[in-house]
$ cat my_file_25.txt   # compact mmCIF, C-alpha atoms
# COMPACT_ATOMS: atom_id res chain seq x y z
CA MET A 374 19.33 -69.76 -55.15
CA LYS A 375 15.86 -69.21 -56.54
CA SER A 376 16.41 -72.10 -58.94
CA LEU A 377 17.35 -74.37 -56.07
CA LYS A 378 14.24 -73.35 -54.12
CA GLU A 379 12.04 -73.97 -57.14
CA GLY A 380 13.69 -77.34 -57.67
CA GLY A 381 13.15 -78.29 -54.04
CA ARG A 382 9.58 -77.13 -54.16
CA LYS A 383 8.87 -79.09 -57.34
CA GLU A 384 10.42 -82.18 -55.81
CA GLN A 385 8.25 -81.79 -52.69
CA LEU A 386 5.15 -81.27 -54.82
CA GLN A 387 6.00 -84.38 -56.82
CA THR A 388 6.43 -86.36 -53.60
CA ASP A 389 3.13 -85.08 -52.20
CA SER A 390 1.47 -85.83 -55.52
CA LEU A 391 2.80 -89.38 -55.51
CA ASP A 392 1.65 -89.87 -51.90
CA SER A 393 -1.80 -88.53 -52.74
CA GLU A 394 -1.95 -90.59 -55.92
CA GLU A 395 -0.91 -93.74 -54.07
CA THR A 396 -3.57 -93.13 -51.41
CA HIS A 397 -6.17 -92.33 -54.04
CA VAL A 398 -5.35 -95.46 -56.03
CA SER A 399 -5.58 -97.67 -52.94
CA PHE A 400 -9.00 -96.27 -52.09
CA LYS A 401 -10.08 -96.51 -55.71
CA ASP A 402 -9.09 -100.17 -55.79
CA GLU A 403 -10.99 -100.75 -52.57
CA LYS A 404 -14.07 -99.06 -54.00
CA ASN A 405 -13.89 -101.17 -57.15
CA GLN A 406 -13.50 -104.32 -55.08
CA PHE A 407 -16.27 -103.74 -52.56
CA GLY A 408 -18.43 -101.02 -54.14
CA GLU A 409 -19.94 -97.86 -52.69
CA LYS A 410 -22.58 -99.79 -50.73
CA LYS A 411 -19.80 -101.64 -48.93
CA TYR A 412 -18.01 -98.61 -47.55
CA LEU A 413 -21.29 -96.86 -46.75
CA ALA A 414 -22.29 -99.91 -44.72
CA ASP A 415 -19.04 -99.62 -42.74
CA VAL A 416 -19.65 -95.90 -42.16
CA ILE A 417 -23.20 -96.55 -40.94
CA HIS A 418 -21.95 -99.33 -38.66
CA SER A 419 -19.39 -96.92 -37.16
CA ALA A 420 -22.12 -94.30 -36.78
CA LEU A 421 -24.30 -96.73 -34.80
CA ILE A 422 -21.39 -97.59 -32.50
CA ILE A 423 -20.65 -93.90 -31.88
CA PHE A 424 -24.32 -93.20 -31.25
CA THR A 425 -24.48 -95.96 -28.63
CA ALA A 426 -21.32 -94.74 -26.88
CA ILE A 427 -22.43 -91.10 -26.74
CA LEU A 428 -25.70 -92.13 -25.09
CA GLY A 429 -23.48 -92.56 -22.02
CA ILE A 430 -23.15 -88.79 -21.79
CA GLY A 431 -26.78 -88.07 -22.54
CA PHE A 432 -28.51 -90.58 -20.25
CA ILE A 433 -27.33 -88.85 -17.08
CA ILE A 434 -28.39 -85.32 -18.06
CA PRO A 435 -32.06 -85.44 -16.88
CA PHE A 436 -30.78 -86.39 -13.42
CA LEU A 437 -28.28 -83.51 -13.08
CA ALA A 438 -30.71 -81.28 -11.21
CA ASP A 439 -31.39 -84.05 -8.66
CA PHE A 440 -27.69 -84.86 -8.38
CA SER A 441 -26.94 -81.20 -7.65
CA LYS A 442 -29.11 -81.46 -4.51
CA ARG A 443 -27.77 -84.88 -3.56
CA ILE A 444 -24.06 -84.10 -3.85
CA GLY A 445 -23.94 -80.63 -2.36
CA GLY A 446 -24.49 -77.91 -4.94
CA GLU A 447 -24.71 -76.86 -8.56
CA LYS A 448 -20.98 -76.25 -8.97
CA LEU A 449 -20.31 -80.02 -8.69
CA VAL A 450 -22.72 -80.82 -11.52
CA GLY A 451 -20.14 -79.65 -14.04
CA LEU A 452 -17.55 -82.00 -12.53
CA ILE A 453 -19.87 -84.99 -12.80
CA TYR A 454 -20.67 -84.18 -16.41
CA SER A 455 -16.97 -83.52 -17.13
CA GLY A 456 -15.76 -86.71 -15.43
CA PHE A 457 -16.59 -88.59 -18.61
CA ALA A 458 -14.18 -86.34 -20.51
CA ILE A 459 -11.42 -86.11 -17.89
CA SER A 460 -10.36 -89.76 -18.24
CA ARG A 461 -10.36 -89.43 -22.03
CA LEU A 462 -7.45 -86.96 -21.94
CA VAL A 463 -4.94 -89.74 -21.30
CA SER A 464 -6.71 -92.76 -22.74
CA VAL A 465 -7.83 -91.42 -26.14
CA PRO A 466 -4.42 -90.64 -27.70
CA THR A 467 -2.95 -93.84 -26.26
CA PHE A 468 -5.59 -96.16 -27.68
CA SER A 469 -5.81 -94.22 -30.96
CA PHE A 470 -2.07 -94.50 -31.67
CA LEU A 471 -2.14 -98.20 -30.77
CA SER A 472 -5.06 -98.76 -33.15
CA ASP A 473 -2.93 -97.38 -36.00
CA ARG A 474 -0.45 -100.18 -35.33
CA TYR A 475 -2.56 -103.10 -34.14
CA GLY A 476 -5.95 -102.58 -35.76
CA ARG A 477 -9.27 -101.00 -34.82
CA LYS A 478 -11.57 -103.91 -33.98
CA ILE A 479 -9.87 -105.15 -30.81
CA PHE A 480 -10.08 -101.71 -29.18
CA ILE A 481 -13.65 -100.97 -30.29
CA VAL A 482 -14.99 -104.31 -29.01
CA SER A 483 -13.04 -104.07 -25.73
CA GLY A 484 -14.37 -100.55 -25.20
CA LEU A 485 -17.95 -101.68 -25.77
CA ILE A 486 -17.58 -104.48 -23.20
CA VAL A 487 -16.28 -102.10 -20.51
CA TYR A 488 -18.88 -99.53 -21.52
CA SER A 489 -21.68 -102.07 -20.96
CA ILE A 490 -20.39 -103.08 -17.52
CA THR A 491 -20.00 -99.50 -16.28
CA SER A 492 -23.48 -98.61 -17.52
CA PHE A 493 -24.96 -100.95 -14.91
CA LEU A 494 -22.78 -99.39 -12.19
CA TYR A 495 -24.62 -96.05 -12.45
CA ALA A 496 -27.52 -97.66 -10.63
CA HIS A 497 -25.28 -98.16 -7.57
CA ALA A 498 -23.55 -94.74 -7.55
CA GLY A 499 -25.22 -92.94 -4.67
CA ASN A 500 -22.77 -90.13 -3.86
CA PHE A 501 -20.41 -87.73 -5.60
CA LEU A 502 -17.27 -89.89 -5.33
CA SER A 503 -18.82 -93.12 -6.63
CA LEU A 504 -20.66 -91.31 -9.43
CA PHE A 505 -17.50 -89.46 -10.45
CA LEU A 506 -15.50 -92.73 -10.54
CA VAL A 507 -18.11 -94.39 -12.73
CA ARG A 508 -17.97 -91.44 -15.10
CA LEU A 509 -14.17 -91.76 -15.27
CA ILE A 510 -14.33 -95.46 -16.16
CA HIS A 511 -17.12 -94.86 -18.64
CA GLY A 512 -15.08 -92.13 -20.30
CA ALA A 513 -12.07 -94.43 -20.65
CA ALA A 514 -14.28 -97.07 -22.28
CA SER A 515 -15.69 -94.53 -24.73
CA SER A 516 -12.14 -93.50 -25.69
CA MET A 517 -11.72 -96.94 -27.23
CA ILE A 518 -15.00 -96.56 -29.12
CA VAL A 519 -15.68 -93.09 -30.52
CA PRO A 520 -12.37 -91.87 -32.05
CA ILE A 521 -11.34 -95.36 -33.19
CA SER A 522 -14.74 -95.95 -34.83
CA PHE A 523 -14.24 -92.64 -36.61
CA ALA A 524 -10.79 -93.80 -37.77
CA TYR A 525 -12.26 -97.16 -38.86
CA ALA A 526 -14.77 -95.36 -41.10
CA MET A 527 -12.08 -93.05 -42.50
CA ASP A 528 -10.02 -96.12 -43.40
CA LYS A 529 -12.88 -97.47 -45.47
CA VAL A 530 -13.92 -94.52 -47.66
CA PRO A 531 -12.23 -93.26 -50.84
CA TYR A 532 -9.94 -90.23 -50.61
CA GLY A 533 -12.00 -87.06 -51.02
CA LYS A 534 -15.11 -88.47 -49.31
CA GLU A 535 -14.07 -87.42 -45.78
CA GLY A 536 -16.90 -84.88 -45.59
CA LEU A 537 -19.49 -87.61 -46.06
CA VAL A 538 -17.97 -89.57 -43.17
CA ALA A 539 -17.77 -86.48 -40.94
CA ALA A 540 -21.39 -85.54 -41.62
CA ILE A 541 -22.79 -89.03 -40.93
CA LEU A 542 -20.65 -89.72 -37.85
CA GLY A 543 -21.02 -86.19 -36.51
CA GLY A 544 -24.78 -86.42 -36.89
CA SER A 545 -24.81 -89.70 -34.97
CA LEU A 546 -22.65 -88.18 -32.25
CA LEU A 547 -25.09 -85.30 -31.74
CA LEU A 548 -28.06 -87.65 -32.00
CA GLY A 549 -26.59 -89.64 -29.10
CA PHE A 550 -26.34 -86.43 -27.10
CA GLY A 551 -30.00 -85.69 -27.80
CA LEU A 552 -31.77 -89.02 -27.56
CA GLY A 553 -29.84 -89.94 -24.40
CA PRO A 554 -31.59 -87.30 -22.23
CA SER A 555 -34.97 -88.05 -23.79
CA ILE A 556 -34.75 -91.83 -23.38
CA GLY A 557 -33.25 -91.48 -19.93
CA GLY A 558 -35.94 -89.04 -18.80
CA VAL A 559 -38.85 -91.13 -20.09
CA LEU A 560 -37.53 -94.40 -18.64
CA ALA A 561 -36.83 -92.74 -15.27
CA LYS A 562 -40.31 -91.21 -15.11
CA PHE A 563 -42.22 -94.42 -15.88
CA TYR A 564 -39.88 -97.22 -14.75
CA GLY A 565 -37.46 -95.64 -12.29
CA GLU A 566 -33.98 -94.16 -12.51
CA ASN A 567 -32.17 -97.52 -12.61
CA ALA A 568 -34.09 -98.63 -15.70
CA ALA A 569 -32.39 -95.93 -17.77
CA PHE A 570 -28.92 -97.18 -16.87
CA TYR A 571 -29.84 -100.84 -17.37
CA MET A 572 -31.13 -99.99 -20.84
CA MET A 573 -27.84 -98.25 -21.60
CA GLY A 574 -25.93 -101.39 -20.58
CA ILE A 575 -28.15 -103.60 -22.74
CA ALA A 576 -27.59 -101.29 -25.73
CA GLY A 577 -23.83 -101.65 -25.20
CA ILE A 578 -24.09 -105.47 -25.16
CA ILE A 579 -26.08 -105.46 -28.41
CA ALA A 580 -23.50 -103.15 -30.05
CA THR A 581 -20.70 -105.49 -28.88
CA ILE A 582 -22.33 -108.55 -30.47
CA ILE A 583 -23.00 -106.73 -33.75
CA SER A 584 -19.41 -105.45 -33.90
CA LEU A 585 -17.96 -108.91 -33.28
CA ILE A 586 -19.99 -110.28 -36.19
CA LEU A 587 -19.87 -107.48 -38.76
CA MET A 588 -16.66 -105.53 -38.22
CA LYS A 589 -13.86 -106.41 -40.64
CA GLU A 590 -10.37 -104.97 -40.36
CA PRO A 591 -9.22 -103.12 -43.50
CA GLU A 592 -6.14 -104.42 -45.22
CA LYS A 593 -3.19 -103.17 -43.18
CA LYS A 594 -1.17 -100.53 -45.02
CA LYS A 595 2.58 -100.70 -44.82
CA ARG A 596 4.07 -97.86 -42.82
CA ALA A 597 7.43 -97.13 -41.30
CA SER A 598 7.58 -97.54 -37.54
CA GLN A 599 8.38 -94.22 -35.87
CA PRO A 600 9.03 -93.21 -32.26
CA ILE A 601 5.78 -92.11 -30.66
CA MET A 602 7.00 -88.55 -30.00
CA LYS A 603 7.96 -88.11 -33.65
CA GLU A 604 4.47 -89.13 -34.69
CA VAL A 605 2.97 -86.71 -32.17
CA LYS A 606 5.17 -83.86 -33.42
CA ASP A 607 4.24 -84.60 -37.02
CA ILE A 608 0.52 -84.38 -36.18
CA ILE A 609 0.50 -81.25 -34.00
CA SER A 610 2.87 -79.26 -36.23
CA SER A 611 0.19 -79.00 -38.93
CA ASN A 612 -1.64 -75.65 -39.21
CA ILE A 613 -4.76 -77.54 -40.26
CA PHE A 614 -4.63 -79.55 -37.05
CA ILE A 615 -4.00 -76.50 -34.83
CA PHE A 616 -6.92 -74.49 -36.22
CA SER A 617 -9.24 -77.51 -36.27
CA PHE A 618 -8.33 -78.32 -32.67
CA LEU A 619 -9.03 -74.78 -31.44
CA ILE A 620 -12.36 -74.56 -33.26
CA TRP A 621 -13.62 -77.93 -32.01
CA PHE A 622 -12.44 -77.17 -28.47
CA LEU A 623 -14.52 -73.98 -28.38
CA VAL A 624 -17.53 -75.66 -29.96
CA MET A 625 -17.50 -78.37 -27.30
CA TRP A 626 -16.97 -75.75 -24.57
CA GLN A 627 -20.17 -74.11 -25.78
CA ARG A 628 -22.20 -77.28 -26.27
CA GLY A 629 -21.00 -78.85 -23.01
CA SER A 630 -22.01 -75.75 -21.07
CA ILE A 631 -25.42 -75.62 -22.71
CA ILE A 632 -26.17 -79.31 -22.23
CA SER A 633 -24.97 -79.29 -18.60
CA TYR A 634 -26.82 -76.22 -17.37
CA SER A 635 -29.82 -75.76 -19.64
CA PRO A 636 -31.71 -78.42 -17.57
CA LEU A 637 -31.33 -76.18 -14.51
CA LEU A 638 -32.50 -73.15 -16.46
CA LEU A 639 -35.47 -75.02 -17.90
CA GLU A 640 -36.34 -76.51 -14.51
CA ASN A 641 -36.52 -72.98 -13.09
CA GLU A 642 -39.06 -72.23 -15.85
CA GLY A 643 -41.26 -75.16 -14.77
CA PHE A 644 -40.05 -77.96 -17.06
CA ASP A 645 -40.16 -81.51 -15.68
CA LYS A 646 -37.60 -84.22 -16.55
CA VAL A 647 -39.50 -85.40 -19.62
CA LYS A 648 -39.80 -81.89 -21.04
CA ILE A 649 -36.13 -81.20 -20.31
CA GLY A 650 -35.17 -84.42 -22.07
CA LEU A 651 -37.38 -83.60 -25.06
CA THR A 652 -35.92 -80.10 -25.32
CA LEU A 653 -32.37 -81.45 -25.44
CA THR A 654 -33.52 -84.13 -27.87
CA ALA A 655 -34.88 -81.48 -30.23
CA TYR A 656 -31.61 -79.55 -29.79
CA ALA A 657 -29.62 -82.57 -30.94
CA ILE A 658 -32.02 -84.02 -33.54
CA ILE A 659 -32.19 -80.77 -35.50
CA SER A 660 -28.39 -80.49 -35.28
CA SER A 661 -28.04 -84.09 -36.45
CA ALA A 662 -30.47 -83.64 -39.33
CA LEU A 663 -28.49 -80.66 -40.60
CA GLN A 664 -25.26 -82.63 -40.46
CA TYR A 665 -26.77 -85.60 -42.28
CA SER A 666 -28.16 -83.26 -44.94
CA SER A 667 -24.71 -81.76 -45.51
CA ALA A 668 -23.10 -85.12 -46.30
CA ARG A 669 -23.25 -84.70 -50.07
CA PHE A 670 -21.88 -81.16 -50.40
CA VAL A 671 -19.25 -80.80 -47.63
CA ASP A 672 -16.53 -82.26 -49.84
CA LYS A 673 -17.29 -79.70 -52.57
CA VAL A 674 -16.46 -76.70 -50.35
CA LYS A 675 -12.90 -75.45 -50.80
CA ASP A 676 -12.18 -73.32 -47.69
CA LYS A 677 -13.74 -75.64 -45.14
CA LEU A 678 -12.16 -74.13 -42.01
CA SER A 679 -13.43 -70.60 -42.75
CA PHE A 680 -16.85 -72.02 -43.56
CA SER A 681 -16.84 -73.84 -40.23
CA LEU A 682 -15.88 -70.68 -38.32
CA ILE A 683 -18.67 -68.61 -39.86
CA PHE A 684 -21.25 -71.07 -38.53
CA CYS A 685 -19.52 -71.07 -35.12
CA ILE A 686 -19.66 -67.26 -34.89
CA THR A 687 -23.35 -67.08 -35.75
CA SER A 688 -24.14 -69.84 -33.22
CA THR A 689 -22.99 -67.63 -30.32
CA ILE A 690 -25.37 -64.75 -31.05
CA PRO A 691 -28.59 -66.47 -29.80
CA LEU A 692 -26.98 -67.16 -26.40
CA THR A 693 -26.75 -63.43 -25.69
CA LEU A 694 -30.56 -63.24 -25.82
CA ILE A 695 -31.23 -65.55 -22.85
CA SER A 696 -31.80 -62.73 -20.33
CA TYR A 697 -34.42 -61.20 -22.65
CA ALA A 698 -36.40 -64.44 -22.91
CA SER A 699 -39.86 -63.93 -21.45
CA SER A 700 -41.06 -67.54 -21.64
CA PRO A 701 -39.81 -71.14 -21.77
CA SER A 702 -40.76 -71.25 -25.45
CA ILE A 703 -38.34 -68.44 -26.30
CA ILE A 704 -35.55 -70.13 -24.32
CA PHE A 705 -36.30 -73.33 -26.23
CA VAL A 706 -36.01 -71.53 -29.60
CA VAL A 707 -32.75 -69.84 -28.56
CA PHE A 708 -31.10 -73.17 -27.69
CA ILE A 709 -32.35 -74.90 -30.83
CA PHE A 710 -31.14 -72.10 -33.11
CA SER A 711 -27.71 -71.98 -31.48
CA GLY A 712 -27.29 -75.75 -31.64
CA ALA A 713 -28.33 -75.93 -35.29
CA LEU A 714 -25.76 -73.32 -36.33
CA SER A 715 -22.85 -74.82 -34.38
CA ALA A 716 -23.70 -78.28 -35.74
CA PHE A 717 -22.95 -77.18 -39.28
CA SER A 718 -19.35 -76.44 -38.30
CA TYR A 719 -18.47 -80.05 -37.50
CA PRO A 720 -18.53 -81.84 -40.89
CA PHE A 721 -16.48 -79.11 -42.59
CA LEU A 722 -13.95 -79.17 -39.78
CA MET A 723 -13.57 -82.95 -39.61
CA ALA A 724 -13.49 -83.35 -43.39
CA GLU A 725 -10.43 -81.10 -43.50
CA ILE A 726 -8.64 -82.85 -40.64
CA GLY A 727 -9.61 -86.25 -42.06
CA LYS A 728 -7.90 -85.52 -45.38
CA GLU A 729 -4.81 -84.31 -43.52
CA ALA A 730 -4.75 -87.47 -41.37
CA LYS A 731 -5.06 -89.78 -44.37
CA ARG A 732 -2.34 -87.89 -46.24
CA LYS A 733 0.03 -88.52 -43.34
CA ASN A 734 -1.24 -92.08 -42.81
CA LYS A 735 -1.91 -91.27 -39.14
CA VAL A 736 -5.69 -91.43 -38.99
CA GLY A 737 -6.04 -92.96 -35.52
CA GLY A 738 -3.47 -90.70 -33.87
CA THR A 739 -4.83 -87.54 -35.49
CA ILE A 740 -8.46 -88.29 -34.61
CA GLY A 741 -7.29 -89.22 -31.11
CA PHE A 742 -5.67 -85.83 -30.55
CA MET A 743 -8.71 -84.08 -32.02
CA ASP A 744 -10.71 -85.89 -29.37
CA TRP A 745 -8.67 -83.97 -26.80
CA ALA A 746 -10.51 -80.88 -28.00
CA PHE A 747 -13.78 -82.73 -27.30
CA SER A 748 -12.62 -83.72 -23.81
CA LEU A 749 -11.06 -80.39 -22.83
CA GLY A 750 -14.11 -78.49 -24.03
CA ASN A 751 -16.42 -80.75 -22.02
CA ILE A 752 -14.20 -80.36 -18.94
CA LEU A 753 -13.48 -76.63 -18.95
CA GLY A 754 -16.83 -75.48 -20.34
CA PRO A 755 -19.24 -76.96 -17.76
CA THR A 756 -16.76 -76.56 -14.87
CA SER A 757 -16.11 -72.87 -15.55
CA MET A 758 -19.82 -72.35 -16.17
CA GLY A 759 -20.53 -73.64 -12.66
CA PHE A 760 -18.21 -71.08 -11.07
CA ILE A 761 -19.60 -68.25 -13.20
CA ILE A 762 -23.15 -69.18 -12.20
CA ASN A 763 -22.18 -68.93 -8.54
CA LYS A 764 -20.92 -65.39 -9.17
CA VAL A 765 -23.44 -63.86 -11.57
CA GLY A 766 -26.41 -66.24 -11.77
CA LEU A 767 -27.72 -68.68 -14.35
CA ASN A 768 -29.12 -66.31 -17.01
CA LEU A 769 -26.16 -63.92 -17.12
CA SER A 770 -23.71 -66.82 -17.37
CA PHE A 771 -25.20 -67.80 -20.76
CA ILE A 772 -24.76 -64.22 -22.00
CA ILE A 773 -21.11 -64.27 -20.91
CA LEU A 774 -20.68 -67.61 -22.70
CA GLY A 775 -22.11 -66.20 -25.94
CA VAL A 776 -20.07 -62.97 -25.90
CA THR A 777 -16.71 -64.59 -25.09
CA GLN A 778 -17.21 -67.31 -27.69
CA PHE A 779 -18.19 -64.76 -30.33
CA PHE A 780 -14.92 -62.89 -29.92
CA ALA A 781 -12.85 -66.08 -29.70
CA PHE A 782 -14.21 -67.49 -32.98
CA THR A 783 -13.89 -64.11 -34.71
CA ILE A 784 -10.23 -63.76 -33.70
CA ILE A 785 -9.45 -67.28 -34.98
CA LEU A 786 -11.14 -66.49 -38.31
CA LEU A 787 -9.13 -63.27 -38.71
CA ILE A 788 -5.86 -65.07 -37.94
CA LEU A 789 -6.71 -67.86 -40.39
CA LYS A 790 -7.52 -65.37 -43.14
CA SER A 791 -4.29 -63.48 -42.46
CA ILE A 792 -2.17 -66.66 -42.69
CA ASN A 793 -3.90 -67.75 -45.89
CA LYS A 794 -3.39 -64.30 -47.45
CA ARG A 795 0.34 -64.26 -46.58
CA LYS A 796 0.69 -67.76 -47.99
CA GLU A 797 -0.98 -66.74 -51.27
CA THR A 798 1.21 -63.61 -51.54
CA LYS A 799 4.36 -65.67 -50.94
CA GLU A 800 3.38 -68.20 -53.60
CA GLU A 801 2.71 -65.42 -56.12
CA LYS A 802 6.16 -63.86 -55.50
CA GLU A 803 7.90 -67.22 -55.88
$ encode --input "my_file_25.txt" --output "structure tokens"
Amino acid sequence: MKSLKEGGRKEQLQTDSLDSEETHVSFKDEKNQFGEKKYLADVIHSALIIFTAILGIGFIIPFLADFSKRIGGEKLVGLIYSGFAISRLVSVPTFSFLSDRYGRKIFIVSGLIVYSITSFLYAHAGNFLSLFLVRLIHGAASSMIVPISFAYAMDKVPYGKEGLVAAILGGSLLLGFGLGPSIGGVLAKFYGENAAFYMMGIAGIIATIISLILMKEPEKKKRASQPIMKEVKDIISSNIFIFSFLIWFLVMWQRGSIISYSPLLLENEGFDKVKIGLTLTAYAIISSALQYSSARFVDKVKDKLSFSLIFCITSTIPLTLISYASSPSIIFVVFIFSGALSAFSYPFLMAEIGKEAKRKNKVGGTIGFMDWAFSLGNILGPTSMGFIINKVGLNLSFIILGVTQFFAFTIILLILKSINKRKETKEEKE
């Protein structure tokens, strides 16, 4: 019986080795044909597209305090912010799976067109319902842009360079979060609120034109057509996917809550819209810089998920200090420190899931489901934060956020370590 098991295991290892070798060879050939500059250009192009799309979340943030008064209370602010993510729950996996079969460019360009149109509609959204609907449409448009651009970049790079992609694209994603509030706040202060949204629409049009000209579909790989539910089952049955999903969900819960409600906290401390925007910009720029700087060493780390979790755990500790902050400067430092630590978790996490997705030849579908973690975190985090604020107040809600996230990340790390230890013990016995 043992002999049969060993034979089966060897056969599986040989199959996996052949799959990996075939993938590696295809990427090696592509690198030889186009060169490193070629695939880096495609990664940077994808990063610019993602940056533009994520501005759609950031632009509205300086106006959240005003919207809270206009639409009837702080608890609805979380729903407006989360509306962008709500529509992504259905649209992201759908478009991502379709992009695996029909190509990336058609979805990215279509998303940018819709994104540009809806950007102009913000200027005419004067109440909760109309603003929420615009956010829903905008979120659906972004679901054709962000995850599929990520998949497009993953298609282009050699096997084993997923960390470089994750660091560059993740940095651009956070940079969009940060520069959006800053640009939006400055434009609103000097040119009026509508100018910010018009500028967002113009940026989308420019990104559309550039994508139409520069984006080239990679050579389509042959793959067996499978029923959609079988593909879904194959993706979500992976331990790597499950742990990555949980970690990213909690990270976005934390970041969504901070970005949604820190403007209210800072406004209470006397910050105007420009200062609020600049604070969030610093929060994201420092996070982005750290991710960009990690691009060259992420792929060298072996246990990427544990590495990611350690950064997540340490990022929660500063949030417990909010109630002890005696000045706006201390609050500023707390947010920056927390954001910088959590940012480091992303490239390690996405490098691991990227390798898994390429091994299964389901890059679009896998990235699409990972985007669910992004959407769910941005929905549940800010929304629950609004209800907690109504019960315990603004400062205490950040402490609760930090404590609960600390224990959640710690439990996940302990479970991951336990599974890895049992796996190693089993392999030694066999």
$ closest_atom_pairs --input "my_file_25.txt" --of "segment 691-792 of chain A" --to "segment 463-473 of chain A" --cutoff "6 Å" --atoms "all atoms listed in the file" --output "CSV"
residue,atom,partner,partner_atom,distance
A:Gly737,CA,A:Ser469,CA,4.7
A:Gly738,CA,A:Phe470,CA,4.6
A:Gly741,CA,A:Pro466,CA,4.7
A:Phe742,CA,A:Pro466,CA,5.7
$ write_last_selection --input "my_file_25.txt" --atoms "C-alpha atoms" --output "tab-separated table (two decimals), keeping the file's coordinate frame"
chain	number	residue	atom	x	y	z
A	737	GLY	CA	-6.04	-92.96	-35.52
A	738	GLY	CA	-3.47	-90.70	-33.87
A	741	GLY	CA	-7.29	-89.22	-31.11
A	742	PHE	CA	-5.67	-85.83	-30.55
$ residues_around --input "my_file_25.txt" --residues "Phe705 of chain A" --least-positions-apart "4" --cutoff "7 Å" --atoms "all atoms listed in the file" --output "list in words"
Thr652, Pro701 and Ile709 of chain A
$ closest_residue --input "my_file_25.txt" --among "A:Ile726, A:Thr798, A:Ile631, A:Glu535" --to "Asp744 of chain A" --atoms "all atoms listed in the file"
A:Ile726
$ residues_around --input "my_file_25.txt" --residues "Ile518 of chain A" --least-positions-apart "3" --cutoff "12 Å" --atoms "all atoms listed in the file" --output "VMD selection string"
chain A and resid 419 to 427 429 461 464 to 465 468 to 469 472 477 to 489 511 to 515 521 to 525 546 577 580 to 581 584 737 740 to 741 744
$ atom_distance --input "my_file_25.txt" --atom1 "atom CA of Lys529 of chain A" --atom2 "atom CA of Tyr665 of chain A"
18.5 Å
$ atom_distance --input "my_file_25.txt" --atom1 "atom CA of Ile762 of chain A" --atom2 "atom CA of Gly775 of chain A"
14.1 Å
$ atom_distance --input "my_file_25.txt" --atom1 "atom CA of Phe780 of chain A" --atom2 "atom CA of Leu753 of chain A"
17.6 Å
$ closest_residue --input "my_file_25.txt" --among "A:Leu694, A:Val559, A:Ile788, A:Ile575" --to "Ile649 of chain A" --atoms "only C-alpha atoms"
A:Val559
$ closest_residue --input "my_file_25.txt" --among "A:Leu585, A:Ile459, A:Leu547, A:Ile752" --to "Ser715 of chain A" --atoms "all atoms listed in the file"
A:Leu547
$ decode --input "my_file_25.txt" --residues "segment 727-738 of chain A" --atoms "N, CA and C atoms" --output "tab-separated table (two decimals), in the first residue's frame"
chain	number	residue	atom	x	y	z
A	727	GLY	N	-0.58	34.72	-6.83
A	727	GLY	CA	-0.29	34.83	-8.25
A	727	GLY	C	0.36	33.57	-8.80
A	728	LYS	N	1.32	33.02	-8.06
A	728	LYS	CA	1.97	31.78	-8.48
A	728	LYS	C	0.96	30.63	-8.54
A	729	GLU	N	0.08	30.58	-7.54
A	729	GLU	CA	-0.95	29.53	-7.51
A	729	GLU	C	-1.89	29.68	-8.72
A	730	ALA	N	-2.26	30.90	-9.05
A	730	ALA	CA	-3.18	31.14	-10.17
A	730	ALA	C	-2.54	30.75	-11.50
A	731	LYS	N	-1.26	31.08	-11.67
A	731	LYS	CA	-0.58	30.74	-12.91
A	731	LYS	C	-0.36	29.23	-13.03
A	732	ARG	N	-0.12	28.57	-11.90
A	732	ARG	CA	0.06	27.12	-11.93
A	732	ARG	C	-1.20	26.43	-12.41
A	733	LYS	N	-2.37	26.98	-12.01
A	733	LYS	CA	-3.65	26.39	-12.42
A	733	LYS	C	-4.17	26.96	-13.73
A	734	ASN	N	-3.45	27.94	-14.29
A	734	ASN	CA	-3.88	28.60	-15.53
A	734	ASN	C	-5.27	29.21	-15.38
A	735	LYS	N	-5.51	29.82	-14.22
A	735	LYS	CA	-6.77	30.50	-13.93
A	735	LYS	C	-6.48	31.86	-13.29
A	736	VAL	N	-5.69	32.65	-13.96
A	736	VAL	CA	-5.24	33.92	-13.38
A	736	VAL	C	-6.40	34.88	-13.18
A	737	GLY	N	-7.20	35.09	-14.24
A	737	GLY	CA	-8.32	36.03	-14.14
A	737	GLY	C	-9.31	35.63	-13.08
A	738	GLY	N	-9.74	34.37	-13.09
A	738	GLY	CA	-10.73	33.90	-12.12
A	738	GLY	C	-10.22	33.99	-10.69
